[in-house]
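Enquirer: So that we are looking at the same thing, I have put the structure below in structure tokens.
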Amino acid sequence: MSIKRPEHAGGLLTIDLGAICANWRLLRDRLGAVECAAVVKADAYGLGAARVAPELAAAGCRHFFVAHLDEAIALRPHLPTTTALYVLHGSPPGVEREFVAHDLIPVLNSLSQLEAWAALARSKDTRLPAILQVDTGMSRLGLSPEELASVVEDRRRLEGIELRYVMSHLACAEQQDHSLNTQQMASFQGARRVLPKAKASFANSSGIFLGPDYHFDLARPGAALYGVAPIAGAPNPMKPVVRLQGKVIQMRAIEAGTGVGYGVTWRAPSPRRIATVAVGYADGLLRSLSNRATAWFGDTPLPLIGIVSMDTISLDVSDLPADKLQPNS
Ligand SMILES: Cc1ncc(COP(=O)(O)O)c(C=O)c1O
């Protein structure tokens, strides 16, 4: 929602760049000598890649990942030339030259991407950097074990390619005891055996917490940088990064049995005090949070009650002293 005067806005979203850098340092320290990249695709998970990535570069991050070529072209001018910027989806067919022009490194996910990148290198009589992705069990992107074997049998296919890393992506790393983690590891080790000289990159945020065996040479955290818990069901070691504050625009006291919001999906079990707050799904607050989310006033939890409206939510504030919240506070 575009509001010209911030003091009139119903909500204020604060993104703590310092907390993102602190999270990156926490992961880096956990990795020891292993390099810690930053995944800043999807506009740094919605938080603004042009602001986030330079802060991380200043904190010492040297490797950045986005998904699409156009994201990378937009981000490149915001990053020092000493940093590497990788494009996870690789090159769309026919535009490989743009990678060279913008100093970008593709992740090669298929034989056709590999062939096109190698052909460009040969046409320039040079070697061009790339990451080679292998699929180890997620069935999403990357060469199958058979395709990798065919590449290794015919080494000319790699001619012209400066292989920076062989990489794969974990599907279930946040569930530490998931059997796919060890299966993917075994498959990745197989890929490493046929490319023994290549450095390797395997771990996303949660993969870092699976332990040093999963770290290899370069880890690629995204979600944990932005405060998301890396281990399912365990305390979150990451700092919160995003804070949404909402303005109370009306207070009311309701009797037991009174309904709240569209569809009156919530009814007061006893006399309650409720606050109407001026943020809603038009501001990006998901409607699926209806009757499920909790807001906080200091240490006091305030349950979100009823359906999230377009530009308001209702909170049960009965646990707060009556004079704590006033409209427009
Ligand atoms: C290939 C790849 N590597 C790393 C990441 C970062 O993963 P996470 O956000 O779980 O740390 C992603 C995110 O989707 C990804 O697709």
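As shown in the structure tokens, the chain order sets the letters A, B, ...; within each chain, residues go from 1, and ligands are also counted from 1 in the order they appear.
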DSSP on the backbone: which residues in region 18-133 of chain A end up as strand (DSSP E)? Give the answer as a PDB file with N, CA, C and O atoms, in the first residue's frame.

Expert:
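Okay, selection.pdb is ready:
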```pdb
ATOM      1  N   GLU A  35      33.658 -21.292   3.142  1.00  0.00           N
ATOM      2  CA  GLU A  35      33.093 -20.007   2.694  1.00  0.00           C
ATOM      3  C   GLU A  35      31.578 -19.973   2.914  1.00  0.00           C
ATOM      4  O   GLU A  35      30.888 -20.975   2.679  1.00  0.00           O
ATOM      5  N   CYS A  36      31.090 -18.820   3.325  1.00  0.00           N
ATOM      6  CA  CYS A  36      29.645 -18.650   3.531  1.00  0.00           C
ATOM      7  C   CYS A  36      29.112 -17.659   2.499  1.00  0.00           C
ATOM      8  O   CYS A  36      29.476 -16.476   2.514  1.00  0.00           O
ATOM      9  N   ALA A  38      25.672 -15.903   0.332  1.00  0.00           N
ATOM     10  CA  ALA A  38      24.350 -15.396   0.719  1.00  0.00           C
ATOM     11  C   ALA A  38      23.422 -15.588  -0.470  1.00  0.00           C
ATOM     12  O   ALA A  38      23.754 -15.191  -1.592  1.00  0.00           O
ATOM     13  N   VAL A  39      22.280 -16.216  -0.227  1.00  0.00           N
ATOM     14  CA  VAL A  39      21.277 -16.346  -1.276  1.00  0.00           C
ATOM     15  C   VAL A  39      20.355 -15.129  -1.155  1.00  0.00           C
ATOM     16  O   VAL A  39      19.733 -14.917  -0.115  1.00  0.00           O
ATOM     17  N   HIS A  63      30.280 -14.283  -1.986  1.00  0.00           N
ATOM     18  CA  HIS A  63      29.547 -15.106  -2.956  1.00  0.00           C
ATOM     19  C   HIS A  63      28.048 -14.860  -2.796  1.00  0.00           C
ATOM     20  O   HIS A  63      27.512 -15.000  -1.689  1.00  0.00           O
ATOM     21  N   PHE A  64      27.392 -14.525  -3.897  1.00  0.00           N
ATOM     22  CA  PHE A  64      25.951 -14.216  -3.856  1.00  0.00           C
ATOM     23  C   PHE A  64      25.221 -15.045  -4.911  1.00  0.00           C
ATOM     24  O   PHE A  64      25.750 -15.266  -6.009  1.00  0.00           O
ATOM     25  N   PHE A  65      24.011 -15.464  -4.564  1.00  0.00           N
ATOM     26  CA  PHE A  65      23.203 -16.267  -5.479  1.00  0.00           C
ATOM     27  C   PHE A  65      21.849 -15.607  -5.703  1.00  0.00           C
ATOM     28  O   PHE A  65      21.165 -15.212  -4.741  1.00  0.00           O
ATOM     29  N   VAL A  66      21.439 -15.513  -6.977  1.00  0.00           N
ATOM     30  CA  VAL A  66      20.057 -15.162  -7.320  1.00  0.00           C
ATOM     31  C   VAL A  66      19.544 -16.274  -8.242  1.00  0.00           C
ATOM     32  O   VAL A  66      20.296 -17.165  -8.638  1.00  0.00           O
ATOM     33  N   ALA A  84      31.516 -12.678  -6.310  1.00  0.00           N
ATOM     34  CA  ALA A  84      30.977 -13.529  -7.381  1.00  0.00           C
ATOM     35  C   ALA A  84      29.454 -13.530  -7.261  1.00  0.00           C
ATOM     36  O   ALA A  84      28.911 -13.647  -6.162  1.00  0.00           O
ATOM     37  N   LEU A  85      28.793 -13.386  -8.419  1.00  0.00           N
ATOM     38  CA  LEU A  85      27.325 -13.398  -8.436  1.00  0.00           C
ATOM     39  C   LEU A  85      26.872 -14.541  -9.350  1.00  0.00           C
ATOM     40  O   LEU A  85      27.145 -14.541 -10.551  1.00  0.00           O
ATOM     41  N   TYR A  86      26.226 -15.518  -8.753  1.00  0.00           N
ATOM     42  CA  TYR A  86      25.828 -16.746  -9.456  1.00  0.00           C
ATOM     43  C   TYR A  86      24.331 -16.715  -9.748  1.00  0.00           C
ATOM     44  O   TYR A  86      23.540 -16.221  -8.939  1.00  0.00           O
ATOM     45  N   VAL A  87      23.957 -17.297 -10.874  1.00  0.00           N
ATOM     46  CA  VAL A  87      22.547 -17.346 -11.290  1.00  0.00           C
ATOM     47  C   VAL A  87      22.093 -18.804 -11.245  1.00  0.00           C
ATOM     48  O   VAL A  87      22.516 -19.624 -12.066  1.00  0.00           O
ATOM     49  N   ILE A 105      27.985 -15.546 -13.155  1.00  0.00           N
ATOM     50  CA  ILE A 105      28.407 -16.950 -13.271  1.00  0.00           C
ATOM     51  C   ILE A 105      27.158 -17.833 -13.257  1.00  0.00           C
ATOM     52  O   ILE A 105      26.386 -17.800 -12.296  1.00  0.00           O
ATOM     53  N   PRO A 106      26.957 -18.618 -14.322  1.00  0.00           N
ATOM     54  CA  PRO A 106      25.765 -19.463 -14.337  1.00  0.00           C
ATOM     55  C   PRO A 106      25.952 -20.741 -13.525  1.00  0.00           C
ATOM     56  O   PRO A 106      27.053 -21.272 -13.430  1.00  0.00           O
ATOM     57  N   VAL A 107      24.846 -21.201 -12.959  1.00  0.00           N
ATOM     58  CA  VAL A 107      24.789 -22.566 -12.447  1.00  0.00           C
ATOM     59  C   VAL A 107      24.232 -23.389 -13.605  1.00  0.00           C
ATOM     60  O   VAL A 107      23.116 -23.134 -14.075  1.00  0.00           O
ATOM     61  N   LEU A 108      25.031 -24.343 -14.077  1.00  0.00           N
ATOM     62  CA  LEU A 108      24.620 -25.145 -15.240  1.00  0.00           C
ATOM     63  C   LEU A 108      23.823 -26.344 -14.736  1.00  0.00           C
ATOM     64  O   LEU A 108      24.324 -27.149 -13.946  1.00  0.00           O
ATOM     65  N   LEU A 128      35.489 -20.102 -19.214  1.00  0.00           N
ATOM     66  CA  LEU A 128      34.452 -19.315 -18.544  1.00  0.00           C
ATOM     67  C   LEU A 128      34.022 -20.023 -17.252  1.00  0.00           C
ATOM     68  O   LEU A 128      33.820 -21.241 -17.255  1.00  0.00           O
ATOM     69  N   PRO A 129      33.845 -19.260 -16.155  1.00  0.00           N
ATOM     70  CA  PRO A 129      33.516 -19.874 -14.876  1.00  0.00           C
ATOM     71  C   PRO A 129      32.069 -20.360 -14.823  1.00  0.00           C
ATOM     72  O   PRO A 129      31.174 -19.749 -15.420  1.00  0.00           O
ATOM     73  N   ALA A 130      31.852 -21.441 -14.091  1.00  0.00           N
ATOM     74  CA  ALA A 130      30.484 -21.956 -13.925  1.00  0.00           C
ATOM     75  C   ALA A 130      30.445 -22.857 -12.702  1.00  0.00           C
ATOM     76  O   ALA A 130      31.472 -23.379 -12.256  1.00  0.00           O
ATOM     77  N   ILE A 131      29.232 -23.013 -12.176  1.00  0.00           N
ATOM     78  CA  ILE A 131      28.949 -24.062 -11.187  1.00  0.00           C
ATOM     79  C   ILE A 131      28.169 -25.136 -11.924  1.00  0.00           C
ATOM     80  O   ILE A 131      27.328 -24.827 -12.774  1.00  0.00           O
ATOM     81  N   LEU A 132      28.467 -26.385 -11.623  1.00  0.00           N
ATOM     82  CA  LEU A 132      27.709 -27.487 -12.223  1.00  0.00           C
ATOM     83  C   LEU A 132      26.812 -28.084 -11.148  1.00  0.00           C
ATOM     84  O   LEU A 132      27.299 -28.534 -10.106  1.00  0.00           O
ATOM     85  N   GLN A 133      25.500 -28.062 -11.402  1.00  0.00           N
ATOM     86  CA  GLN A 133      24.575 -28.636 -10.411  1.00  0.00           C
ATOM     87  C   GLN A 133      24.251 -30.088 -10.779  1.00  0.00           C
ATOM     88  O   GLN A 133      24.000 -30.411 -11.953  1.00  0.00           O
TER      89      GLN A 133
END
```

Enquirer: Neighbouring residues of Arg267 (chain A) were defined as those with any atom within 7 Å, considering only C-alpha atoms; residues of the same chain fewer than 5 positions away were excluded. Please report them as a CSV table (one decimal) with C-alpha atoms, in the first residue's frame.

Expert:
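That gives us part05.csv:
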```csv
chain,number,residue,atom,x,y,z
A,257,GLY,CA,-21.0,-14.5,22.3
A,258,THR,CA,-20.3,-11.5,20.0
A,259,GLY,CA,-18.8,-12.4,16.6
A,260,VAL,CA,-15.7,-10.7,15.1
```

Enquirer: Give me, as a PyMOL selection string, the set of residues whose atoms come within 8 Å of any atom of ligand 1, counting only C-alpha atoms and all ligand atoms.

Expert: chain A and resi 39+41+65+67+88+168-169+202-207+220-225+230

Enquirer: Residues within 12 Å of region 153-156 of chain A, please, as a PyMOL selection string. Count only C-alpha atoms; anything in the same chain fewer than 4 positions from it doesn't count.

Expert: chain A and resi 114-115+118-119+122+146-149+160-161+194-195

Enquirer: Would you save the residues from that selection as a PDB file, in the first residue's frame, using N, CA, C and O atoms?

Expert:
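Listed below is the output, out.pdb:
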```
ATOM      1  N   LEU A 114      25.186 -26.720 -20.307  1.00  0.00           N
ATOM      2  CA  LEU A 114      26.632 -26.991 -20.284  1.00  0.00           C
ATOM      3  C   LEU A 114      27.229 -26.810 -21.678  1.00  0.00           C
ATOM      4  O   LEU A 114      28.265 -26.150 -21.863  1.00  0.00           O
ATOM      5  N   GLU A 115      26.536 -27.373 -22.690  1.00  0.00           N
ATOM      6  CA  GLU A 115      27.052 -27.283 -24.058  1.00  0.00           C
ATOM      7  C   GLU A 115      27.114 -25.838 -24.534  1.00  0.00           C
ATOM      8  O   GLU A 115      28.100 -25.408 -25.123  1.00  0.00           O
ATOM      9  N   ALA A 118      30.002 -24.005 -22.759  1.00  0.00           N
ATOM     10  CA  ALA A 118      31.307 -24.458 -23.256  1.00  0.00           C
ATOM     11  C   ALA A 118      31.530 -23.939 -24.675  1.00  0.00           C
ATOM     12  O   ALA A 118      32.648 -23.536 -25.032  1.00  0.00           O
ATOM     13  N   ALA A 119      30.478 -23.924 -25.482  1.00  0.00           N
ATOM     14  CA  ALA A 119      30.620 -23.442 -26.868  1.00  0.00           C
ATOM     15  C   ALA A 119      31.003 -21.959 -26.879  1.00  0.00           C
ATOM     16  O   ALA A 119      31.856 -21.531 -27.666  1.00  0.00           O
ATOM     17  N   ARG A 122      34.664 -21.679 -25.985  1.00  0.00           N
ATOM     18  CA  ARG A 122      35.548 -22.071 -27.091  1.00  0.00           C
ATOM     19  C   ARG A 122      35.564 -20.999 -28.175  1.00  0.00           C
ATOM     20  O   ARG A 122      36.601 -20.687 -28.738  1.00  0.00           O
ATOM     21  N   GLU A 146      23.445 -40.270 -14.422  1.00  0.00           N
ATOM     22  CA  GLU A 146      23.783 -40.810 -15.749  1.00  0.00           C
ATOM     23  C   GLU A 146      24.330 -39.693 -16.643  1.00  0.00           C
ATOM     24  O   GLU A 146      25.310 -39.884 -17.382  1.00  0.00           O
ATOM     25  N   GLU A 147      23.687 -38.524 -16.580  1.00  0.00           N
ATOM     26  CA  GLU A 147      24.176 -37.404 -17.401  1.00  0.00           C
ATOM     27  C   GLU A 147      25.573 -36.987 -16.950  1.00  0.00           C
ATOM     28  O   GLU A 147      26.446 -36.699 -17.783  1.00  0.00           O
ATOM     29  N   LEU A 148      25.791 -36.975 -15.636  1.00  0.00           N
ATOM     30  CA  LEU A 148      27.126 -36.616 -15.144  1.00  0.00           C
ATOM     31  C   LEU A 148      28.153 -37.634 -15.644  1.00  0.00           C
ATOM     32  O   LEU A 148      29.242 -37.253 -16.087  1.00  0.00           O
ATOM     33  N   ALA A 149      27.785 -38.903 -15.612  1.00  0.00           N
ATOM     34  CA  ALA A 149      28.717 -39.937 -16.086  1.00  0.00           C
ATOM     35  C   ALA A 149      29.060 -39.699 -17.554  1.00  0.00           C
ATOM     36  O   ALA A 149      30.222 -39.814 -17.965  1.00  0.00           O
ATOM     37  N   GLY A 160      36.831 -25.651 -21.806  1.00  0.00           N
ATOM     38  CA  GLY A 160      36.430 -24.240 -21.829  1.00  0.00           C
ATOM     39  C   GLY A 160      35.710 -23.822 -20.554  1.00  0.00           C
ATOM     40  O   GLY A 160      35.455 -22.642 -20.335  1.00  0.00           O
ATOM     41  N   ILE A 161      35.373 -24.788 -19.703  1.00  0.00           N
ATOM     42  CA  ILE A 161      34.632 -24.421 -18.481  1.00  0.00           C
ATOM     43  C   ILE A 161      35.569 -24.440 -17.282  1.00  0.00           C
ATOM     44  O   ILE A 161      36.277 -25.422 -17.035  1.00  0.00           O
ATOM     45  N   VAL A 194      33.563 -38.608  -9.152  1.00  0.00           N
ATOM     46  CA  VAL A 194      33.869 -38.539 -10.580  1.00  0.00           C
ATOM     47  C   VAL A 194      34.410 -37.161 -10.994  1.00  0.00           C
ATOM     48  O   VAL A 194      34.918 -37.008 -12.092  1.00  0.00           O
ATOM     49  N   LEU A 195      34.283 -36.181 -10.101  1.00  0.00           N
ATOM     50  CA  LEU A 195      34.885 -34.858 -10.352  1.00  0.00           C
ATOM     51  C   LEU A 195      35.762 -34.501  -9.149  1.00  0.00           C
ATOM     52  O   LEU A 195      35.490 -33.532  -8.425  1.00  0.00           O
TER      53      LEU A 195
END
```

Enquirer: Return the single residue from A:Trp117, A:Tyr45, A:Tyr214, A:Phe99 that is closest to Ala72 (chain A), with distances computed using only C-alpha atoms.

Expert: A:Phe99

Enquirer: Can you check which residues of region 82-258 of chain A DSSP gives as helix (DSSP H, G or I) on the backbone and send them as a PyMOL selection string?

Expert: chain A and resi 96-101+111-123+145-153+155-158+179-194+205-208+212-214+223-226

Enquirer: Let me make sure I understand: among A:Gln176, A:Gln189, A:Gln183, A:Ser150, which one has the smallest atom-to-atom distance to Ile208 (chain A) if we use only C-alpha atoms?

Expert: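 Once distances to Ile208 (chain A) are computed over only C-alpha atoms, the minimum belongs to A:Gln176.
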
Enquirer: Which residue out of A:Ile274, A:Gly246, A:Ala198, A:Pro269 has the minimum interatomic distance to Asp311 (chain A) when only C-alpha atoms are used?

Expert: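 Counting only C-alpha atoms, the residue closest to Asp311 (chain A) is A:Gly246.
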
Enquirer: Point out the residue among A:Ile307, A:Leu120, A:Leu75, A:Ile231 with the least atom-to-atom distance to Ser290 (chain A), counting only C-alpha atoms.

Expert: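 Nearest candidate to Ser290 (chain A) out of A:Ile307, A:Leu120, A:Leu75, A:Ile231: A:Ile307.
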
Enquirer: Using only C-alpha atoms, which residues sit within 7 Å of Pro303 (chain A) once same-chain residues fewer than 4 positions away are excluded, as a ChimeraX atom specification?

Expert: /A:293-295,315-316

Enquirer: Interatomic distance between CA of Pro145 (chain A) and CA of Asp177 (chain A)?

Expert: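 Rounded to one decimal, the two atoms are 24.4 Å apart.
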
Enquirer: So what do you get for CA of Pro321 (chain A) versus CA of Trp296 (chain A), distance-wise?

Expert: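 These atoms are spaced 13.9 Å apart.
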